[in-house]
Number of protein chains: 4
Amino acid sequence: MKTIDLNSDMGEGYGVYRMGDDAGMLEIVTSANIACGFHAGDPLIMHDMVKRAGENGVAIGAHPSFLDLWGFGRRPIHGERPADIEKIIAYQIGALQGIAASLGRRVSHVKTHGSLGNMAAVDDALAAAVARAVAAVDRSLILVVMPGMATERAGAAADLTLMREIYADRTYGDNGNLTPRKEPGAVIHDAEAAAARVLRMVGEQCITTTSGKAIPVAIDSVCVHGDTPDSVSMARCVRTMLEGAGYAVRPFAA
Amino acid sequence: MKTIDLNSDMGEGYGVYRMGDDAGMLEIVTSANIACGFHAGDPLIMHDMVKRAGENGVAIGAHPSFLDLWGFGRRPIHGERPADIEKIIAYQIGALQGIAASLGRRVSHVKTHGSLGNMAAVDDALAAAVARAVAAVDRSLILVVMPGMATERAGAAADLTLMREIYADRTYGDNGNLTPRKEPGAVIHDAEAAAARVLRMVGEQCITTTSGKAIPVAIDSVCVHGDTPDSVSMARCVRTMLEGAGYAVRPFAA
Amino acid sequence: MKTIDLNSDMGEGYGVYRMGDDAGMLEIVTSANIACGFHAGDPLIMHDMVKRAGENGVAIGAHPSFLDLWGFGRRPIHGERPADIEKIIAYQIGALQGIAASLGRRVSHVKTHGSLGNMAAVDDALAAAVARAVAAVDRSLILVVMPGMATERAGAAADLTLMREIYADRTYGDNGNLTPRKEPGAVIHDAEAAAARVLRMVGEQCITTTSGKAIPVAIDSVCVHGDTPDSVSMARCVRTMLEGAGYAVRPFAA
Amino acid sequence: MKTIDLNSDMGEGYGVYRMGDDAGMLEIVTSANIACGFHAGDPLIMHDMVKRAGENGVAIGAHPSFLDLWGFGRRPIHGERPADIEKIIAYQIGALQGIAASLGRRVSHVKTHGSLGNMAAVDDALAAAVARAVAAVDRSLILVVMPGMATERAGAAADLTLMREIYADRTYGDNGNLTPRKEPGAVIHDAEAAAARVLRMVGEQCITTTSGKAIPVAIDSVCVHGDTPDSVSMARCVRTMLEGAGYAVRPFAA
């Protein structure tokens, strides 16, 4: 039977603040990328997310970021040495592992957040630092990567198990990278269109670019968002269409 | 042969800031309590401290705190539920474990910092939360406690290995707790006097109070400070006097 | 004509986070208490709030707090010296004045937030520090106080113009202070009941306590909240009922 | 009589942390650039610095930065819109003005810190945002700029009074900008050599570049540092040599 994973960022509140519909998403996705306190998240929220992900059979992942609460990890921060990036990633993975251990759960995967992820995707030195950090903390951890990008190469070189993902609501350029958000059409808002697109890419194991090109890649997971009511609907639509096409939607880590 | 441990708080800088003479103290003490980012410390400093502690044969410990960088964890913060304290401690222990794992080292002990430690010493519910957090993350972790206080009772009830400590530079009241810093004579500044006092308390396994009372306790470790040149001298004096009296100064965790 | 002011806390988001319906409240209230970055708020949100308050004819106030973003300023933090509280209040008022000046607006009032406000209401030394800070920065600033409490006494002693407020959705004890939130019935959820209660208290210039006692006080403003859709409805209901009873609802500062 | 100003960054501690010899520098310099809490500084330190600067006849300036405590404002942070930079600068100037007002003092100048300053020096849009922010808060504020760079042009276009500074311990390239710190020889460590160089540049009103070129500029102030004992010595040496050559060293703002 064909299988596919659905992953989503979660636990991205802080203190009294909340972001997105985590409860709704935990009924849809199979892998949760949990914020670790650097761009969002705090020990209480992390505890709650690990507990509920575990109860829902959703794989628990760390979602490390640059230290940038105010900018939600979205500001490109330069001047960090790759060796230092390793340390901030090790800290964040460990923090979630501590919370998970206290609940008798395990962290199964790591996905970098925001600018850290975007920068690592196109920077081999940074990507290698990410992979080294994951391998150094626990080499059984799965690294989430964008297929064809620097992170996939670095993860493979570090001999890590990789979970290759595509984005349900984003278009791709011919370089295999996401079209920048600022460009018109970069974000797909129509749930049916997004789901149909995902189904085609997963079925063909290809990234379809805005110019019509198809780039052959391996696809293990689909990233969906839960920030808005619309995005939860889209996530549900993606899952429904994949299941309708005969895919078993289940954690890649399982 | 009689043995004793010497412990000290370390890695209490942040970003460009530094606090105390960590390098000097690593040559004197046998257990390092490393700040975990909530009152001080950051992933780079933690990495550096774990690396150097490991190289010096010094046991690596987590030094969790209330989230209070500005107040250096010294402000009494009320209104935290004990269940939430468990989560912030699990996070901080895990963060240090992540850093330690990336260096092939292990965290051996946990000592709470500042106001969190002071409040837990006299609050059974808070002390129980601390002990539960440590046991839940990894029950092989040693919990550092003040003998006779709530933390010792809670740690024993949680069946944790305890490291009972006295303070080299502080006097004690008849309740077995430290004399508040504000009271005259609460802090001992004379290195020789402090060392002689430590030697007597360790030898007799008693806490000597300001009224002259002796409270029998078990003493496994002596806490020394490294904030100022004077405090490093005192630490060295304590070690020298203990060794002169025939004690093997070595990590309790060993 | 009888006049009354309505005030509400605003701009309590941070970075990407938002809290409450600020736009909705700006159509209802006449004084905005704008978070200054210590428990919530940041320069971008503050700028936006000052701009929109100005456009709506709503008086602009500073809403200073303990430095406690994670706890949203609600955690009781002890160990601050009153002299230091003065400095954190001066900083926060000044920060909002800087933003206001850049928009050609003026800050008219100051209301302390959360635990700082609660603690000052019953602590004469802390209340005096608050009043001193406001007077020192700009003695034309209006201080928002709870009538009958320490803050009113301190503000009067400092010869500040005072804006005395009651809370629309909270009950009062015989000591004239708010009933603690934990007690059953402390928070009023029924909009009509709250509005009727406000109308009676404002009309009689009395605080009605849970035991039925009436404490004569001066009332210049009513504090309403905007955190939830229900609270915005209640605020609107309070305003409508006051206007129906012949009150001109307008800024106290005007 | 020829006059010159000496400026230095100050109050760059945070909480329990301290940075540099502020007391020593206040005896040497005539303008203090006081950190405003975004890269360093807090209300207590700011209060202390304003008080002591005032007592020493040293002009009080704001030293705003990107929000980056961990990176000490030295990390290049991209993705901030110039309009948002205006708001963070207005906030920080206002915060120091609030502290200064509470002490009966006035803020006289503004100098951007670290990466914000470096980026503004070569980015006309960012430099214009800085100048707009200063002018919008209080157009009597003096803007500190590097002569020949974008900040000088923007400040002049905004019709602000400018204080043009050179660095005592840094070399310059032919583009008139500082030689990057990483390059060998970028930082001058010899106090006598630095002072002689300053004297020549101030006397000739020229920047001398590493290639030997002399770029004619106006020089109103010399920036000296106080981070290390050596840097304080250098600052004293610069002052002594300038006074020996007949310069009256006094605040530009006076």
# chains A, B, ... in the order shown; residues from 1 in each chain; ligands from 1

$ interface_residues --of "chain A" --to "chain C" --cutoff "8 Å" --atoms "only C-alpha atoms" --output "PyMOL selection string"
chain A and resi 13-19+69-72

$ residues_around --residues "A:Thr179" --least-positions-apart "6" --cutoff "10 Å" --atoms "only C-alpha atoms" --output "tab-separated table (two decimals) with C-alpha atoms, in the first residue's frame"
chain	number	residue	atom	x	y	z
A	170	ARG	CA	3.41	26.94	-2.30
A	171	THR	CA	4.64	27.00	-5.88
A	172	TYR	CA	8.15	26.07	-7.00
A	173	GLY	CA	10.66	27.69	-9.32
A	185	GLY	CA	0.90	33.40	-7.14
A	186	ALA	CA	3.58	32.12	-4.76
A	187	VAL	CA	0.97	31.01	-2.25
A	209	THR	CA	7.49	24.21	-11.29
A	210	THR	CA	5.74	27.40	-12.31

$ closest_atom_pairs --of "stretch 119-208 of chain C" --to "stretch 93-104 of chain C" --cutoff "10 Å" --atoms "only C-alpha atoms" --output "CSV"
residue,atom,partner,partner_atom,distance
C:Ala133,CA,C:Ile93,CA,9.2
C:Val134,CA,C:Ile93,CA,8.0
C:Val137,CA,C:Gly94,CA,7.7
C:Asp138,CA,C:Ile93,CA,9.4
C:Leu141,CA,C:Ile93,CA,9.9

$ residues_around --residues "C:Pro229" --least-positions-apart "2" --cutoff "12 Å" --atoms "only C-alpha atoms" --output "PyMOL selection string"
chain C and resi 19-22+24-25+189+191+225-227+231-236
